[in-house]
Every structure is written in structure tokens, then in C-alpha cells.
Amino acid sequence: MDVIDILARLIAFPSVVGTTNGAIADWIADYCRKAGAEVTVHPGPEGDRYNLFATVGPREGRGYILSGHMDVVPAGEREWSSDPFVLRAAGDRLYGRGATDMKGFLACALAALPKLSAMNLQRPIHFAFSYDEEAGSRGVPHLIAALPKLCNAPLGAIIGEPSRMQAVRGHKGKAAVRLEVIGRSGHSSRPDLGLNAIHAMANLITEVAEYGRSLTSGPFHHDFAPPYSSLQVGVIAGGQSVNIIPDRCTADIEVRAVPGISPSSLLEPVKARLTALRDQGFEVGWHELSAYPGLALPEGSELAALLTELTAQKPLAAVSYGTEAGLYQQAGIDSIICGPGDIARAHRPDEYIEIGELAACQTMIEKLGASLAEG
């Protein structure tokens, strides 16, 4: 199978975030075993989702991780020109959900695997494929925790998120929470007898949005766009009918923090404002949805030098989107982003990747293998 055949097979699995991924994990595991890799399928606590870890080369050595996620965001938009789970070719473009984010990278790694297996590798290359990255990197922490049993301490991890094949050394950290306000229901003709949860949440959001605007004053990190931390209210839900006093309202909020700032610390003022609603008779809830640390790989690191050699491009300092790279770095593993495709094409109808981008990524992975092989 060439890289396009493999990508078509991967996209045919509708491995939407938050759903079972056993079918795609089993297919990849079977492919890797047939190509000569040692494979472990690692179940997550959900019971129906799996991480996958595969090794080619001598397991006892210290090598490199190629990291990617098997899940994709939903594809329910009406603007799709064709079935999002059937790969469609048009010129140099290959369309399908996950083509760029990030089954394209998985396909490149798998297409390179037979050639890697045929090399006399002196150090191992590991494939670490996770689940539910799109829900806040829920799967990969379990895989990272299992690494000491799966391999010797890696020399580095290459996270194949779409970067147009230019390596990236940094990204912001993120934390997301759901705020919950519980009031008292009743007939809308007697608002004096109820506690309107939507009104309370609206006032809270006004305060939170003002706090978010204050973050534009710094601290600054000019490798990023924007160069400051940010806050967004992304989802609001509440109410049953216009003539019922709403007794419950929720709001989902995220923060993205520049290096040196803890994402969770940015949420503390929000939590204080929410808790203050108790003084008005409301009950409140604080529900953590997801969190991951930022990435900051030094410019002079060996991993950055390796990617410069493999891609013939100097790594970018930073991007605004987040990845699993920060979690690998937090675990003591130097990490860098480098993968085919453009993040601007992700999470939208008619997502696509270019055939040339796949070829460049597969070449990069095979060059990595050659640098670890003897003779």
C-alpha cells in the first residue's frame, strides 16, 4: 500500500472524537505487525478507546517517537462537497475528514514503516498514536504514563500536527472549564419568586469578558500571534421556555497562555467571580474540561538541529494552536511539531492535504530512519 492507499483506508474509519476507535486501532496494529513492528494496543479507562504504540528497530536503544492522534472532529457541516469519510482526489489535493488533522501524518508514518523495517536501525523509531486529542488530549496522558514499560527513555518526540513540514518549537498552553449557575425556577410572571440563572450568568460573562480584555496588556511573548494570553467564552446553554424562569445556565470558557504563565492560574479570577454568586443565593459548579501545558523547545536543542537537517528548514519559534507536544515535554521528553498539511484547512468542510506534502513527510521520516541506520 502506498501513502494514498493508506490515507484512504484511515479516513474510511469515522473515528470521531469521543467515540470508540477500536476498529482503526486494530487495523493500524495489524498493518504494523505485518510490516515488522512490535505493537502494543493500550486501552484507556473509557473501555472502548485505545492508544497504540509500535516499535521498529532495537527496542533496548534510545530512539525517537513519531506522535499522532487517530481521532478527528465531527464532519456534520452541509458544505462538504462529498462524503467526508471517503477520500476524494482532485488534482494534487486529497479531500476527507482528517486528511490534514492528522491522518495524513499517520499515513506517512505507516507508508514509511516497511522501508524502516528493512533498514539496519541502530536506534528504535516508535509510533505513538493516541485517541481523543480533539477533546483536550485525553488519551495521550495514559500512553505517556505507560512509556517506561514500552521503551527506554526517548531522545525526542516529533508530533506530526500540520505545520506545512516546517518544524515548530513552541505553542501556548490551554485550559478549558464549564461554569454552572443554578438558580430557582418559576413562572416568568413572578420573577421576584425565582432566581434567573441566565441573568446571573450574563452578568458573570460580562465581567469575565472584561477580564479577558485585560490580558491584552501582557505579559507578552512576541513569538506568538497574538503575543499575549487570551480568554474566550465559547458555549452558553440554559433555559427551557421564554415563560419559565431559567434555573440553570452553563458556559464553557477557555484560556490560552503564553510561556511562563500557567493556564490554570488565568482561570482563578473567573472562579472567584463564579463563587461570589453564592452570596446572591445561587448554587455554582466548576467543571474542568481539559488542560495541556505549552511547548517551549530551546532553539539550540539537539532535536531542533535534527529537524533542521531532516527538513532543510530552520524551525519556527511558535504557533498559536496547541498539540500533545507539551505533554511529552512535561514528561521529560524533548518535543517538536512537524507534519504535512496546513492547520488553516483543519476543522472545516472540504479539509484536504496535498500529495506533495505527503511525499515530503514520508521522505522526512525515511531520512530519520537513515540517520539511525548503519551502513
# chains A, B, ... in the order shown; residues from 1 in each chain; ligands from 1
call {"tool": "select_by_dssp", "arguments": {"residues": "region 71-306 of chain A", "states": "strand (DSSP E)", "output": "PyMOL selection string"}}
result
chain A and resi 88-90+93-95+125-130+156-159+170-171+173-182+186-187+230-238+244-245+248-257+283-292+295-296
call {"tool": "write_last_selection", "arguments": {"atoms": "C-alpha atoms", "output": "tab-separated table (two decimals), in the first residue's frame"}}
result
chain	number	residue	atom	x	y	z
A	88	ARG	CA	-11.62	12.13	-2.86
A	89	ALA	CA	-8.82	13.15	-5.19
A	90	ALA	CA	-8.93	16.33	-7.25
A	93	ARG	CA	-5.47	17.56	-3.41
A	94	LEU	CA	-6.89	14.70	-1.35
A	95	TYR	CA	-10.11	15.55	0.48
A	125	ILE	CA	11.63	4.55	15.97
A	126	HIS	CA	8.36	4.41	17.88
A	127	PHE	CA	4.87	5.19	16.61
A	128	ALA	CA	2.69	6.64	19.39
A	129	PHE	CA	-0.89	7.08	18.17
A	130	SER	CA	-3.46	8.42	20.64
A	156	GLY	CA	12.79	13.11	21.42
A	157	ALA	CA	9.27	13.17	20.05
A	158	ILE	CA	8.11	14.53	16.70
A	159	ILE	CA	4.44	15.47	16.85
A	170	GLY	CA	6.65	26.22	20.79
A	171	HIS	CA	2.95	26.69	21.39
A	173	GLY	CA	-0.78	26.12	26.95
A	174	LYS	CA	-4.55	25.79	27.34
A	175	ALA	CA	-7.20	25.11	29.97
A	176	ALA	CA	-10.97	24.89	29.50
A	177	VAL	CA	-13.74	24.81	32.10
A	178	ARG	CA	-17.54	24.73	32.26
A	179	LEU	CA	-19.17	27.22	34.61
A	180	GLU	CA	-22.54	26.24	36.04
A	181	VAL	CA	-25.06	28.54	37.72
A	182	ILE	CA	-28.14	27.03	39.41
A	186	GLY	CA	-40.87	29.55	38.43
A	187	HIS	CA	-43.41	31.34	36.24
A	230	SER	CA	-6.26	35.06	25.74
A	231	LEU	CA	-9.68	34.09	27.09
A	232	GLN	CA	-12.83	33.13	25.21
A	233	VAL	CA	-16.38	32.18	26.14
A	234	GLY	CA	-17.21	29.56	23.52
A	235	VAL	CA	-20.55	27.98	24.51
A	236	ILE	CA	-23.57	29.13	26.54
A	237	ALA	CA	-26.58	26.93	27.32
A	238	GLY	CA	-29.65	27.41	29.52
A	244	ILE	CA	-40.16	29.85	32.58
A	245	ILE	CA	-37.57	31.40	34.87
A	248	ARG	CA	-29.72	26.53	35.18
A	249	CYS	CA	-27.16	28.03	32.83
A	250	THR	CA	-23.71	26.83	31.77
A	251	ALA	CA	-20.86	28.49	29.92
A	252	ASP	CA	-17.69	26.92	28.52
A	253	ILE	CA	-14.56	29.06	28.75
A	254	GLU	CA	-11.02	28.52	27.55
A	255	VAL	CA	-7.75	30.32	28.19
A	256	ARG	CA	-4.54	30.08	26.19
A	257	ALA	CA	-1.39	31.11	28.00
A	283	GLU	CA	-25.53	27.38	43.58
A	284	VAL	CA	-22.48	27.13	41.35
A	285	GLY	CA	-20.39	24.43	39.70
A	286	TRP	CA	-16.85	24.44	38.32
A	287	HIS	CA	-16.12	21.60	35.89
A	288	GLU	CA	-12.68	21.20	34.35
A	289	LEU	CA	-12.95	20.10	30.71
A	290	SER	CA	-9.37	19.87	29.51
A	291	ALA	CA	-5.88	21.23	30.00
A	292	TYR	CA	-2.46	20.85	28.48
A	295	LEU	CA	5.64	23.76	24.49
A	296	ALA	CA	8.98	25.56	24.64
call {"tool": "closest_atom_pairs", "arguments": {"of": "region 255-352 of chain A", "to": "region 108-114 of chain A", "cutoff": "12 Å", "atoms": "only C-alpha atoms", "output": "Markdown table"}}
result
| residue | atom | partner | partner_atom | distance |
| --- | --- | --- | --- | --- |
| A:Gly339 | CA | A:Cys108 | CA | 9.4 |
| A:Pro340 | CA | A:Cys108 | CA | 8.9 |
| A:Gly341 | CA | A:Cys108 | CA | 11.8 |
call {"tool": "closest_residue", "arguments": {"among": "A:Asp192, A:Glu351, A:Glu366, A:Asp334", "to": "Ile65 (chain A)", "atoms": "only C-alpha atoms"}}
result
A:Asp334
call {"tool": "closest_residue", "arguments": {"among": "A:Val41, A:Leu267, A:Met165, A:Leu150", "to": "Ala360 (chain A)", "atoms": "only C-alpha atoms"}}
result
A:Met165
call {"tool": "select_by_dssp", "arguments": {"residues": "region 90-126 of chain A", "states": "helix (DSSP H, G or I)", "output": "JSON, numbers by chain"}}
result
{"A": [103, 104, 105, 106, 107, 108, 109, 110, 111, 112, 113, 114, 115, 116, 117, 118]}
call {"tool": "atom_distance", "arguments": {"atom1": "CA of Gly36 (chain A)", "atom2": "CA of Gln122 (chain A)"}}
result
15.5 Å
call {"tool": "closest_residue", "arguments": {"among": "A:Leu306, A:Arg273, A:Gln240, A:Leu121", "to": "Thr206 (chain A)", "atoms": "only C-alpha atoms"}}
result
A:Arg273
call {"tool": "residues_around", "arguments": {"residues": "region 220-223 of chain A", "least_positions_apart": "5", "cutoff": "12 Å", "atoms": "only C-alpha atoms", "output": "VMD selection string"}}
result
chain A and resid 168 to 172 215 228 to 230 257 to 261 296 316 to 320
call {"tool": "write_last_selection", "arguments": {"atoms": "C-alpha atoms", "output": "PDB file, in the first residue's frame"}}
result
ATOM      1  CA  VAL A 168       7.849  24.319  15.303  1.00  0.00           C
ATOM      2  CA  ARG A 169       9.479  24.711  18.729  1.00  0.00           C
ATOM      3  CA  GLY A 170       6.655  26.224  20.794  1.00  0.00           C
ATOM      4  CA  HIS A 171       2.946  26.692  21.392  1.00  0.00           C
ATOM      5  CA  LYS A 172       0.692  28.117  24.089  1.00  0.00           C
ATOM      6  CA  LEU A 215      -4.920  40.070  29.250  1.00  0.00           C
ATOM      7  CA  TYR A 228      -0.424  37.713  24.879  1.00  0.00           C
ATOM      8  CA  SER A 229      -2.608  35.202  26.723  1.00  0.00           C
ATOM      9  CA  SER A 230      -6.263  35.061  25.741  1.00  0.00           C
ATOM     10  CA  ALA A 257      -1.390  31.112  27.998  1.00  0.00           C
ATOM     11  CA  VAL A 258       1.973  32.346  26.741  1.00  0.00           C
ATOM     12  CA  PRO A 259       5.086  30.591  28.131  1.00  0.00           C
ATOM     13  CA  GLY A 260       5.768  31.302  31.770  1.00  0.00           C
ATOM     14  CA  ILE A 261       2.063  31.611  32.594  1.00  0.00           C
ATOM     15  CA  ALA A 296       8.982  25.560  24.642  1.00  0.00           C
ATOM     16  CA  LEU A 316       9.653  28.258  13.593  1.00  0.00           C
ATOM     17  CA  ALA A 317       9.696  29.621  17.128  1.00  0.00           C
ATOM     18  CA  ALA A 318       5.984  29.119  17.818  1.00  0.00           C
ATOM     19  CA  VAL A 319       2.418  28.634  16.583  1.00  0.00           C
ATOM     20  CA  SER A 320      -0.873  29.625  18.180  1.00  0.00           C
TER      21      SER A 320
END
call {"tool": "atom_distance", "arguments": {"atom1": "CA of Glu324 (chain A)", "atom2": "CA of Ala135 (chain A)"}}
result
11.5 Å
call {"tool": "atom_distance", "arguments": {"atom1": "CA of His69 (chain A)", "atom2": "CA of Ala54 (chain A)"}}
result
13.6 Å
call {"tool": "residues_around", "arguments": {"residues": "Arg33 (chain A)", "least_positions_apart": "2", "cutoff": "12 Å", "atoms": "only C-alpha atoms", "output": "number ranges by chain"}}
result
A: 26-31, 35-41, 52-56, 110, 113-114, 117
call {"tool": "residues_around", "arguments": {"residues": "Ser371 (chain A)", "least_positions_apart": "2", "cutoff": "12 Å", "atoms": "only C-alpha atoms", "output": "VMD selection string"}}
result
chain A and resid 63 to 64 116 119 to 125 306 to 307 309 to 310 364 to 369 373 to 375
call {"tool": "closest_residue", "arguments": {"among": "A:Ala276, A:Leu155, A:Ala197, A:Leu204", "to": "Ser301 (chain A)", "atoms": "only C-alpha atoms"}}
result
A:Leu155
call {"tool": "residues_around", "arguments": {"residues": "Lys103 (chain A)", "least_positions_apart": "5", "cutoff": "10 Å", "atoms": "only C-alpha atoms", "output": "PyMOL selection string"}}
result
chain A and resi 6-11+68-72+96-98+108-109+160-161+340+353
call {"tool": "write_last_selection", "arguments": {"atoms": "C-alpha atoms", "output": "short mmCIF file (atom, residue, chain, number, x, y, z; two decimals), in the first residue's frame"}}
result
data_model
loop_
_atom_site.label_atom_id
_atom_site.label_comp_id
_atom_site.auth_asym_id
_atom_site.auth_seq_id
_atom_site.Cartn_x
_atom_site.Cartn_y
_atom_site.Cartn_z
CA ILE A 6 -3.25 4.05 3.49
CA LEU A 7 -4.77 7.51 3.88
CA ALA A 8 -7.92 6.35 2.11
CA ARG A 9 -8.19 3.42 4.49
CA LEU A 10 -7.65 5.60 7.58
CA ILE A 11 -10.21 8.20 6.52
CA GLY A 68 -0.12 11.48 16.16
CA HIS A 69 -3.78 11.10 17.06
CA MET A 70 -6.30 8.78 15.44
CA ASP A 71 -9.42 10.83 16.23
CA VAL A 72 -10.97 13.57 14.10
CA GLY A 96 -11.56 13.94 3.59
CA ARG A 97 -12.09 14.48 7.31
CA GLY A 98 -8.71 14.13 8.98
CA CYS A 108 3.10 8.89 6.02
CA ALA A 109 4.49 7.09 9.06
CA GLY A 160 3.07 15.38 13.32
CA GLU A 161 0.40 18.08 13.56
CA PRO A 340 2.17 17.73 6.49
CA ILE A 353 -3.96 17.60 2.04
#
